[in-house]
Each structure stands twice: as C-alpha cells, then as structure tokens.
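A quick write-up on the structure given underneath.
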Amino acid sequence: MTLTVYRFCLVVFFLLPSGISGSEPDHETDPAKDSSLYQSPFFEDNERCFKCHGQNTYSYTNENLGREVKAIMFSERVIPRGKFYESNHKSFSCTDCHSSDYTKFPHPGELRMEQMYNCIDCHGNDEKFAKFHFEEIEKEYQESVHYQYEEVGFSCWKCHDPHTYKISIRNSSNLKETILYDNNICLNCHADYSHFQLLSDKKEINIVAKHDWLPNQESHFKSVRCIECHTKVNDSILVAHRVKPVEYAVKGCNECHSQNSLLMSSLYKFQSREQRADGFLNGVILNQSYVIGANRNEYLNLIGLLIFLAVAGVIVIHISFRIIKKRK
Amino acid sequence: MSYIYLYPKWIRLWHLLNGLLFIILIITGLSMQYTNKEDNIFLVGFARAVKWHNIAAILLTINYIVFVTGNVITKNFRFYKIERKNFLSDLISQFLYYSRGMFRGEKHPFPVTENRKFNPLQKFTYFMAMYVAMPLLIISGIGLMFPEITVNRFFDVSGLILTDLLHVIMGFLLSVFMLIHIYTCTLGSTPGSLFRSMLSGYHESDEH
C-alpha cells in the first residue's frame, strides 16, 4: 500500500510535470511486482528513466501540438528492467553513471557527448575488486585485436553492457547456460552485421561457414565458448581477454582433446579448483559434459592394461609350451 | 590331410573386411582416447583419427548388417547355436584340451566337421562377440557419433560419458578377443593352416 502511494506520488511529482510517461512496464520483469527479484534502494529514482527506457515505446506530451505523442524508443536505448535488476550493477542508481541532467526532458543535447566510464575507471586499483584483476584484464584487452578498434568506438561495453551484464562463469551451476550467455556476447557483433559494421569495414562473416572444418560443429558451439579458441589463456585471470588474430586461433583438436586439455585452464578453470577425485582425469569436465581424450578413467586404464598383459602373458606361455613340445 | 569347404566366399570377404576395419578402429580409437599435445608415433593425430574412426565404423556397421543378414539367409547361424546340453562340461573339456591335452598329444574333443565349424569355446566366444558385444559397440558408437540423440543426463551423470564407457569397454573386450582369436588361429594342423583356410575356404584337417 505504502509503495503504491509512493509510486503515485512519484508519477505526480516527477513525470506529469515534465509531460512524459512510458508505456505500461512489462509486469513479468517488473521488480516491483516480483518479490524474487532484487529490490533496489534506487528503484523509484530509476523508474524516472525506466518509464521511457524500460520498454520499446514511450509517450510524452508535445506542448506545441498540445497532445500526447507515443513514440518508439531507439532499441539501443532500451534497458529492460528485469535484466538490469539481475545484472552486476543492479544496486546502482542511473545517475551514478549518467548525468543527473538526464532527469530533464527533453534531455539536453550536449549530454549525447557525455564521457562514459570504462570498467577500469571504477574497478581499477580497488582492493574490493582485487580478486577480479581488472588491471590485468585491461592490459589483456589492450593487447587484444579488439583494442585496435577503440579509436572508432570499441570499449568494454561493446561486450559487457553495463546495464545488463552479469558474471556468469563464477558460481555457475549450469555451464551450458553460461556458454550460451558468453557466446551471445561475441555473436552480438560477429553474427549481426549491423553491429559489426559500426566498428569494422570488413566483409560480413558467416560464422557457421567459417567453422565448417569443426567436426560436430553444433556440439562444439553448445559446449565451449568462442574465447576457448580465440583468446590466449592467462593464468592470473579467470576469463582471458586477449583476443588473438584469427590466424592464431586454436585449430588443433588435441589442444582440448588431451590429458592436458586447454579447457582445464579456460572453461573449467573455476570449477577445476575443486576437482572431483573419483579416478577420472580432468574429472571436473564430467560434471557438465564429455570431452573425448580429456576424460580418462585411471582405474579403467589400469584394469585394461592388466587384462592385456595377462592375455599376452598366457599367449607367451602357451607358445613356449608348444615350442618345448615340438622339440621333444 | 582332408579338406572341408567351410568358409564360403561371402564369409571370407566379410571376415577379411571385418578384421581390417577393426584394426583401423583400434588404432584410431586408441589415438582418440590417449591423444596428447605432444606427437606420438604410435598414435594418429586426433582430427585424422576421428575422421577414419567414423568412416571405418560406418563400414563396419554395414558389414555387420551383411553378416547378420547372411547368417539368416544362408543358415550359417546354425554354427553359432550353443547347445544347452553339457554346455559347461563341453567348455571345460575344450579349455582343458587347449591348456593340457594338446601338449599330451590328445585328440581334439570337438573336431571340425561339415556340421560343426566351431568348438564349444569358439561358439560361446563368437556368439558373445558377434551378438552381444558388437551390437552394444555399434549402438554406443552411433550415440557418440550423433551426441544430440544421446540421453543428456542419467542419474546425474552425463549420458555421453556412460555411452563412451560402454563403447570403450566393448571396444577393449573385442580387441582382446581379436588378439586371442588371432593366436588361436595358429592352433590348426599347422600354425598357418587356419589362415590359409580363411583365404581358400577349405578347412585343412589331419584328424580324418
């Protein structure tokens, strides 16, 4: 009841005077309607923005026309509430990162030139975030192929949308979902030419055709992240950010399909710290998937070897007896 | 020395192809299972191993279908029929012949005739190999070749790893069978007689 009254006041005091109102928020992803979602201390403040930016359409009163106008929100400016309140930055107020002048409508034009923060601006050299090694990530990014496009607008946000990004590999209980989430980050540009064109003049890449050399392509795409092959592993950070030029991408099967599987230092790095010790080499991989050549059972290997040696021994003894008998 | 025509052309052809494909499958299978980043002269590279394992497996499956169909059409299956009567004692007496009797110059307890191609030990092992292990090997192999049709989780364990375990165990047992099979083929009237039989079709016997 209190919340309803508060929201009513919010609408009266903030939105009506400025003459703007958003379409009905999507109730399925409206944190106010879902107690399982994160309850932000800045929820009401953020609603000023989400009223318009939380969905595809918004409406405002055009004072010149003297009537309400409904308009489509530019897709790049739509921030789904549900995704924001599930993201890493869910506890933020919009104006923590954006100018408070954005609370005015129409937004002042000069705000378009607003300098955006990068990850390192907030997370760098901060003890609280030391375990994430943001400085090392920044260094890796500067050595990656993506860095050359920074001049034309590449930044951390191209992959990690600050409004919706969430850490997926840590504490992941479903690796398949994590892989899908992470791969979609790459595909957002590499499988969507309109995004790709923003940064590069290169021709459109057909991801499926480019990887037609890969056996069981669909299984690979579902079971490993793009970065497994396209980045250089760095042991000091959990997720490698040094994206290599395409000619240096991993193409050797046994980089992963082997006892010293590359995946143990990339995809399974986090889980491998608590490796299962049930006789399986690289047992942690078994928790989620199966990699030929990487999953080996030490006991089966030993039993197999013993059986083989026993059979070979019996054959040798049998041959010896036959030779002895023949000599007699 | 007497000669009995026991191995018709289709069986000889099937047998030869089966043996060759199995050797390819053993080498490529071991290569996939034990591949490492460092090159190993005993193993084939992973990509090549996968390719040839798949090709050989498809051919082996077709060959197996030919074998089963041929057995039904030509009544060759009768040679694999295991007699319930004296099953265990027959197995033991054949085993004792191989381990003791043949060194004492005893006569073969189950000599080869037109109606008895295999001794009880052969019947049992061949039946187990061709009608139990092979189908399991082929079915699990199909499951690995098309992982999308394999059960994802089985009692919280990856369905693929269980399928792989079954495939590897069956592959291993059949490899051991092959080793023993090749060795026991030297136990004919001369060490090379049974190999010659599988080329000519005629079984050489000095017991008639």
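Just so we're on the same page: first chain in the structure tokens is A, next is B, and so on; residues restart at 1 for each chain, and ligands are numbered from 1 in the order they show up.
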
Do you know which residues are at most 12 Å from Gly143 of chain B counting only C-alpha atoms, after dropping those on the same chain fewer than 2 positions away, and could you put them as number ranges by chain? B: 136-141, 145-152, 159-167

What are the residues of chain B lining chain A at 8 Å or less? Count only C-alpha atoms, and put the answer as a PyMOL selection string. chain B and resi 32-37+46-47+99+103+147-148+157-158+160-161+172+176+180+183

Just want the 12 Å neighbourhood of Pro245 of chain A, counted on only C-alpha atoms, with same-chain residues fewer than 5 positions away dropped. Output as a VMD selection string. chain A and resid 143 to 148 227 229 to 232 250

For Ala57 of chain B, list every protein, DNA or RNA residue within 8 Å, evaluated using only C-alpha atoms, and leave out those in the same chain fewer than 3 positions away; present the list as a list of chain:residue names. B:Leu21, B:Leu25, B:His53, B:Asn54, B:Leu60, B:Thr61, B:Ile138, B:Gly141

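Distance annotation: of A:Cys186, A:Leu267, A:Cys226, A:Cys97, the residue with the minimal separation from Val239 of chain A is A:Leu267; atom set is only C-alpha atoms.
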
Assign secondary structure with DSSP using the backbone only, and return the residues of segment 103-185 of chain B in helix (DSSP H, G or I) as a ChimeraX atom specification. /B:103-104,120-145,147-149,159-184

From a DSSP calculation on the backbone, collect every residue of chain B in strand (DSSP E) and output the set as a PyMOL selection string. chain B and resi 2-5+153-154+157-158+202-205

Selection file, N, CA and C atoms, as an mmCIF file, in the first residue's frame:
```
data_model
loop_
_atom_site.group_PDB
_atom_site.id
_atom_site.type_symbol
_atom_site.label_atom_id
_atom_site.label_comp_id
_atom_site.auth_asym_id
_atom_site.auth_seq_id
_atom_site.Cartn_x
_atom_site.Cartn_y
_atom_site.Cartn_z
ATOM 1 N N SER B 2 42.732 -83.947 -44.875
ATOM 2 C CA SER B 2 41.445 -83.832 -45.584
ATOM 3 C C SER B 2 41.030 -82.357 -45.643
ATOM 4 N N TYR B 3 40.173 -82.045 -46.624
ATOM 5 C CA TYR B 3 39.732 -80.661 -46.812
ATOM 6 C C TYR B 3 38.212 -80.581 -46.767
ATOM 7 N N ILE B 4 37.689 -79.682 -45.970
ATOM 8 C CA ILE B 4 36.235 -79.481 -45.912
ATOM 9 C C ILE B 4 35.976 -78.031 -46.306
ATOM 10 N N TYR B 5 35.013 -77.831 -47.252
ATOM 11 C CA TYR B 5 34.704 -76.461 -47.657
ATOM 12 C C TYR B 5 33.764 -75.850 -46.620
ATOM 13 N N ARG B 153 21.411 -36.570 -19.415
ATOM 14 C CA ARG B 153 21.808 -36.918 -18.056
ATOM 15 C C ARG B 153 21.145 -38.234 -17.667
ATOM 16 N N PHE B 154 21.886 -39.075 -16.991
ATOM 17 C CA PHE B 154 21.340 -40.329 -16.491
ATOM 18 C C PHE B 154 21.781 -40.454 -15.044
ATOM 19 N N VAL B 157 24.573 -38.206 -14.135
ATOM 20 C CA VAL B 157 25.857 -38.416 -14.807
ATOM 21 C C VAL B 157 25.620 -38.163 -16.299
ATOM 22 N N SER B 158 26.618 -37.572 -16.942
ATOM 23 C CA SER B 158 26.476 -37.282 -18.367
ATOM 24 C C SER B 158 26.161 -38.563 -19.142
ATOM 25 N N TYR B 202 38.737 -73.654 -47.606
ATOM 26 C CA TYR B 202 38.805 -75.071 -47.220
ATOM 27 C C TYR B 202 39.508 -75.249 -45.875
ATOM 28 N N HIS B 203 38.846 -75.965 -44.985
ATOM 29 C CA HIS B 203 39.455 -76.260 -43.695
ATOM 30 C C HIS B 203 40.378 -77.472 -43.850
ATOM 31 N N GLU B 204 41.619 -77.323 -43.408
ATOM 32 C CA GLU B 204 42.587 -78.429 -43.505
ATOM 33 C C GLU B 204 42.561 -79.214 -42.199
ATOM 34 N N SER B 205 42.381 -80.497 -42.302
ATOM 35 C CA SER B 205 42.340 -81.302 -41.094
ATOM 36 C C SER B 205 43.171 -82.561 -41.273
#
```

For atom CA of Arg116 of chain B and atom CA of Phe79 of chain B, quote the distance in Å rounded to one decimal. 6.4 Å

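Residues surrounding Lys117 of chain B within 10 Å are B:Ile4, B:Leu6, B:Tyr7, B:Asn76, B:Arg78, B:Phe79, B:Tyr80, B:Phe110, B:Pro111, B:Lys123, B:His203 [only C-alpha atoms; sequence separation below 6 positions excluded].
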
Just the selected residues (all heavy atoms), exported as a tab-separated table (two decimals), in the first residue's frame, please.
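Result saved to selection.tsv:
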```tsv
chain	number	residue	atom	x	y	z
B	4	ILE	N	37.69	-79.68	-45.97
B	4	ILE	CA	36.23	-79.48	-45.91
B	4	ILE	C	35.98	-78.03	-46.31
B	4	ILE	O	36.59	-77.10	-45.74
B	4	ILE	CB	35.68	-79.71	-44.49
B	4	ILE	CG1	36.22	-81.01	-43.89
B	4	ILE	CG2	34.15	-79.69	-44.48
B	4	ILE	CD1	35.99	-81.12	-42.38
B	6	LEU	N	34.29	-74.99	-45.77
B	6	LEU	CA	33.51	-74.45	-44.65
B	6	LEU	C	33.28	-72.94	-44.74
B	6	LEU	O	32.38	-72.41	-44.11
B	6	LEU	CB	34.26	-74.73	-43.33
B	6	LEU	CG	34.03	-76.07	-42.65
B	6	LEU	CD1	34.77	-76.09	-41.32
B	6	LEU	CD2	32.55	-76.33	-42.40
B	7	TYR	N	34.13	-72.28	-45.47
B	7	TYR	CA	34.07	-70.82	-45.46
B	7	TYR	C	33.73	-70.29	-46.86
B	7	TYR	O	34.64	-70.06	-47.67
B	7	TYR	CB	35.41	-70.23	-44.99
B	7	TYR	CG	35.96	-70.90	-43.75
B	7	TYR	CD1	37.05	-71.78	-43.82
B	7	TYR	CD2	35.37	-70.67	-42.51
B	7	TYR	CE1	37.54	-72.42	-42.69
B	7	TYR	CE2	35.85	-71.31	-41.37
B	7	TYR	CZ	36.93	-72.17	-41.46
B	7	TYR	OH	37.40	-72.80	-40.35
B	76	ASN	N	23.85	-69.95	-41.89
B	76	ASN	CA	25.17	-70.04	-41.25
B	76	ASN	C	25.05	-69.89	-39.73
B	76	ASN	O	25.93	-70.29	-38.97
B	76	ASN	CB	26.08	-68.93	-41.81
B	76	ASN	CG	27.53	-69.07	-41.37
B	76	ASN	OD1	28.16	-70.09	-41.59
B	76	ASN	ND2	28.05	-68.05	-40.69
B	78	ARG	N	23.41	-71.50	-37.74
B	78	ARG	CA	23.36	-72.78	-37.01
B	78	ARG	C	24.70	-73.11	-36.36
B	78	ARG	O	24.75	-73.77	-35.32
B	78	ARG	CB	22.90	-73.92	-37.92
B	78	ARG	CG	23.91	-74.40	-38.94
B	78	ARG	CD	23.30	-75.47	-39.85
B	78	ARG	NE	24.30	-76.20	-40.60
B	78	ARG	CZ	24.84	-75.76	-41.73
B	78	ARG	NH1	24.47	-74.59	-42.23
B	78	ARG	NH2	25.75	-76.48	-42.37
B	79	PHE	N	25.78	-72.60	-36.95
B	79	PHE	CA	27.11	-72.90	-36.37
B	79	PHE	C	27.32	-72.18	-35.02
B	79	PHE	O	28.19	-72.52	-34.26
B	79	PHE	CB	28.22	-72.48	-37.34
B	79	PHE	CG	28.24	-73.28	-38.61
B	79	PHE	CD1	28.10	-72.68	-39.85
B	79	PHE	CD2	28.41	-74.66	-38.56
B	79	PHE	CE1	28.13	-73.41	-41.01
B	79	PHE	CE2	28.44	-75.41	-39.73
B	79	PHE	CZ	28.29	-74.79	-40.96
B	80	TYR	N	26.52	-71.10	-34.81
B	80	TYR	CA	26.68	-70.34	-33.58
B	80	TYR	C	25.76	-70.82	-32.46
B	80	TYR	O	25.83	-70.33	-31.36
B	80	TYR	CB	26.39	-68.85	-33.84
B	80	TYR	CG	27.42	-68.17	-34.71
B	80	TYR	CD1	27.30	-68.18	-36.10
B	80	TYR	CD2	28.50	-67.51	-34.14
B	80	TYR	CE1	28.24	-67.55	-36.90
B	80	TYR	CE2	29.44	-66.88	-34.93
B	80	TYR	CZ	29.30	-66.90	-36.31
B	80	TYR	OH	30.24	-66.28	-37.09
B	110	PHE	N	36.45	-81.86	-30.02
B	110	PHE	CA	35.36	-81.48	-30.93
B	110	PHE	C	35.94	-81.18	-32.31
B	110	PHE	O	36.05	-80.01	-32.70
B	110	PHE	CB	34.60	-80.25	-30.39
B	110	PHE	CG	34.03	-80.46	-29.02
B	110	PHE	CD1	34.73	-80.02	-27.89
B	110	PHE	CD2	32.82	-81.11	-28.85
B	110	PHE	CE1	34.21	-80.22	-26.63
B	110	PHE	CE2	32.29	-81.31	-27.57
B	110	PHE	CZ	32.99	-80.87	-26.45
B	111	PRO	N	36.34	-82.22	-33.03
B	111	PRO	CA	36.96	-81.98	-34.34
B	111	PRO	C	35.99	-81.29	-35.31
B	111	PRO	O	34.78	-81.47	-35.20
B	111	PRO	CB	37.33	-83.39	-34.82
B	111	PRO	CG	36.51	-84.32	-34.01
B	111	PRO	CD	36.22	-83.65	-32.73
B	123	LYS	N	32.20	-71.30	-30.18
B	123	LYS	CA	30.79	-70.95	-30.31
B	123	LYS	C	30.41	-69.88	-29.29
B	123	LYS	O	29.80	-68.88	-29.62
B	123	LYS	CB	29.92	-72.19	-30.04
B	123	LYS	CG	29.53	-72.96	-31.25
B	123	LYS	CD	28.50	-74.00	-30.84
B	123	LYS	CE	28.36	-75.06	-31.93
B	123	LYS	NZ	27.45	-76.12	-31.53
B	203	HIS	N	38.85	-75.96	-44.99
B	203	HIS	CA	39.45	-76.26	-43.70
B	203	HIS	C	40.38	-77.47	-43.85
B	203	HIS	O	39.96	-78.51	-44.37
B	203	HIS	CB	38.37	-76.56	-42.66
B	203	HIS	CG	38.92	-76.86	-41.30
B	203	HIS	ND1	39.29	-75.87	-40.43
B	203	HIS	CD2	39.18	-78.04	-40.68
B	203	HIS	CE1	39.76	-76.42	-39.31
B	203	HIS	NE2	39.71	-77.75	-39.45
```

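Going from atom CA of Leu199 of chain A over to atom CA of Arg77 of chain A, you cover 18.6 Å.
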
Considering only C-alpha atoms, can you say which of A:Tyr60, A:Tyr165, A:Trp157, A:Tyr149 comes closest to Pro106 of chain A? A:Tyr60

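Rounded to one decimal, atom CA of Ser236 of chain A and atom CA of Leu263 of chain A lie 15.3 Å from each other.
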
As a list in words, please: the residues near Thr95 of chain A (cut-off 9 Å, only C-alpha atoms, same-chain neighbours under 6 positions excluded). Asp45, Asn46, Asp101, Tyr102 and Thr103 of chain A

Selected residues written out with all heavy atoms, as an mmCIF file, in the first residue's frame:
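The result, stored in part.cif:
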```cif
data_model
loop_
_atom_site.group_PDB
_atom_site.id
_atom_site.type_symbol
_atom_site.label_atom_id
_atom_site.label_comp_id
_atom_site.auth_asym_id
_atom_site.auth_seq_id
_atom_site.Cartn_x
_atom_site.Cartn_y
_atom_site.Cartn_z
ATOM 1 N N ASP A 45 13.816 6.049 -7.964
ATOM 2 C CA ASP A 45 14.618 7.016 -8.751
ATOM 3 C C ASP A 45 14.815 6.495 -10.172
ATOM 4 O O ASP A 45 14.649 7.234 -11.144
ATOM 5 C CB ASP A 45 16.007 7.201 -8.114
ATOM 6 C CG ASP A 45 15.912 7.971 -6.803
ATOM 7 O OD1 ASP A 45 14.836 8.544 -6.544
ATOM 8 O OD2 ASP A 45 16.903 7.970 -6.055
ATOM 9 N N ASN A 46 15.163 5.222 -10.253
ATOM 10 C CA ASN A 46 15.434 4.646 -11.580
ATOM 11 C C ASN A 46 14.180 4.596 -12.453
ATOM 12 O O ASN A 46 14.277 4.637 -13.683
ATOM 13 C CB ASN A 46 16.011 3.232 -11.437
ATOM 14 C CG ASN A 46 17.396 3.245 -10.827
ATOM 15 O OD1 ASN A 46 18.030 4.307 -10.747
ATOM 16 N ND2 ASN A 46 17.876 2.099 -10.380
ATOM 17 N N ASP A 101 21.448 15.513 -15.211
ATOM 18 C CA ASP A 101 20.685 16.334 -16.162
ATOM 19 C C ASP A 101 19.750 15.493 -17.023
ATOM 20 O O ASP A 101 18.847 16.017 -17.668
ATOM 21 C CB ASP A 101 21.643 17.117 -17.083
ATOM 22 C CG ASP A 101 22.316 18.250 -16.333
ATOM 23 O OD1 ASP A 101 21.857 18.568 -15.206
ATOM 24 O OD2 ASP A 101 23.311 18.794 -16.854
ATOM 25 N N TYR A 102 20.008 14.172 -17.032
ATOM 26 C CA TYR A 102 19.129 13.286 -17.799
ATOM 27 C C TYR A 102 17.722 13.218 -17.204
ATOM 28 O O TYR A 102 16.800 12.724 -17.838
ATOM 29 C CB TYR A 102 19.720 11.868 -17.866
ATOM 30 C CG TYR A 102 20.647 11.649 -19.047
ATOM 31 C CD1 TYR A 102 22.002 11.435 -18.859
ATOM 32 C CD2 TYR A 102 20.144 11.658 -20.340
ATOM 33 C CE1 TYR A 102 22.853 11.235 -19.933
ATOM 34 C CE2 TYR A 102 20.987 11.453 -21.425
ATOM 35 C CZ TYR A 102 22.342 11.238 -21.218
ATOM 36 O OH TYR A 102 23.161 11.039 -22.298
ATOM 37 N N THR A 103 17.582 13.696 -15.986
ATOM 38 C CA THR A 103 16.237 13.674 -15.386
ATOM 39 C C THR A 103 15.335 14.709 -16.040
ATOM 40 O O THR A 103 14.124 14.705 -15.848
ATOM 41 C CB THR A 103 16.317 13.928 -13.861
ATOM 42 O OG1 THR A 103 17.025 15.137 -13.651
ATOM 43 C CG2 THR A 103 16.995 12.776 -13.150
#
```
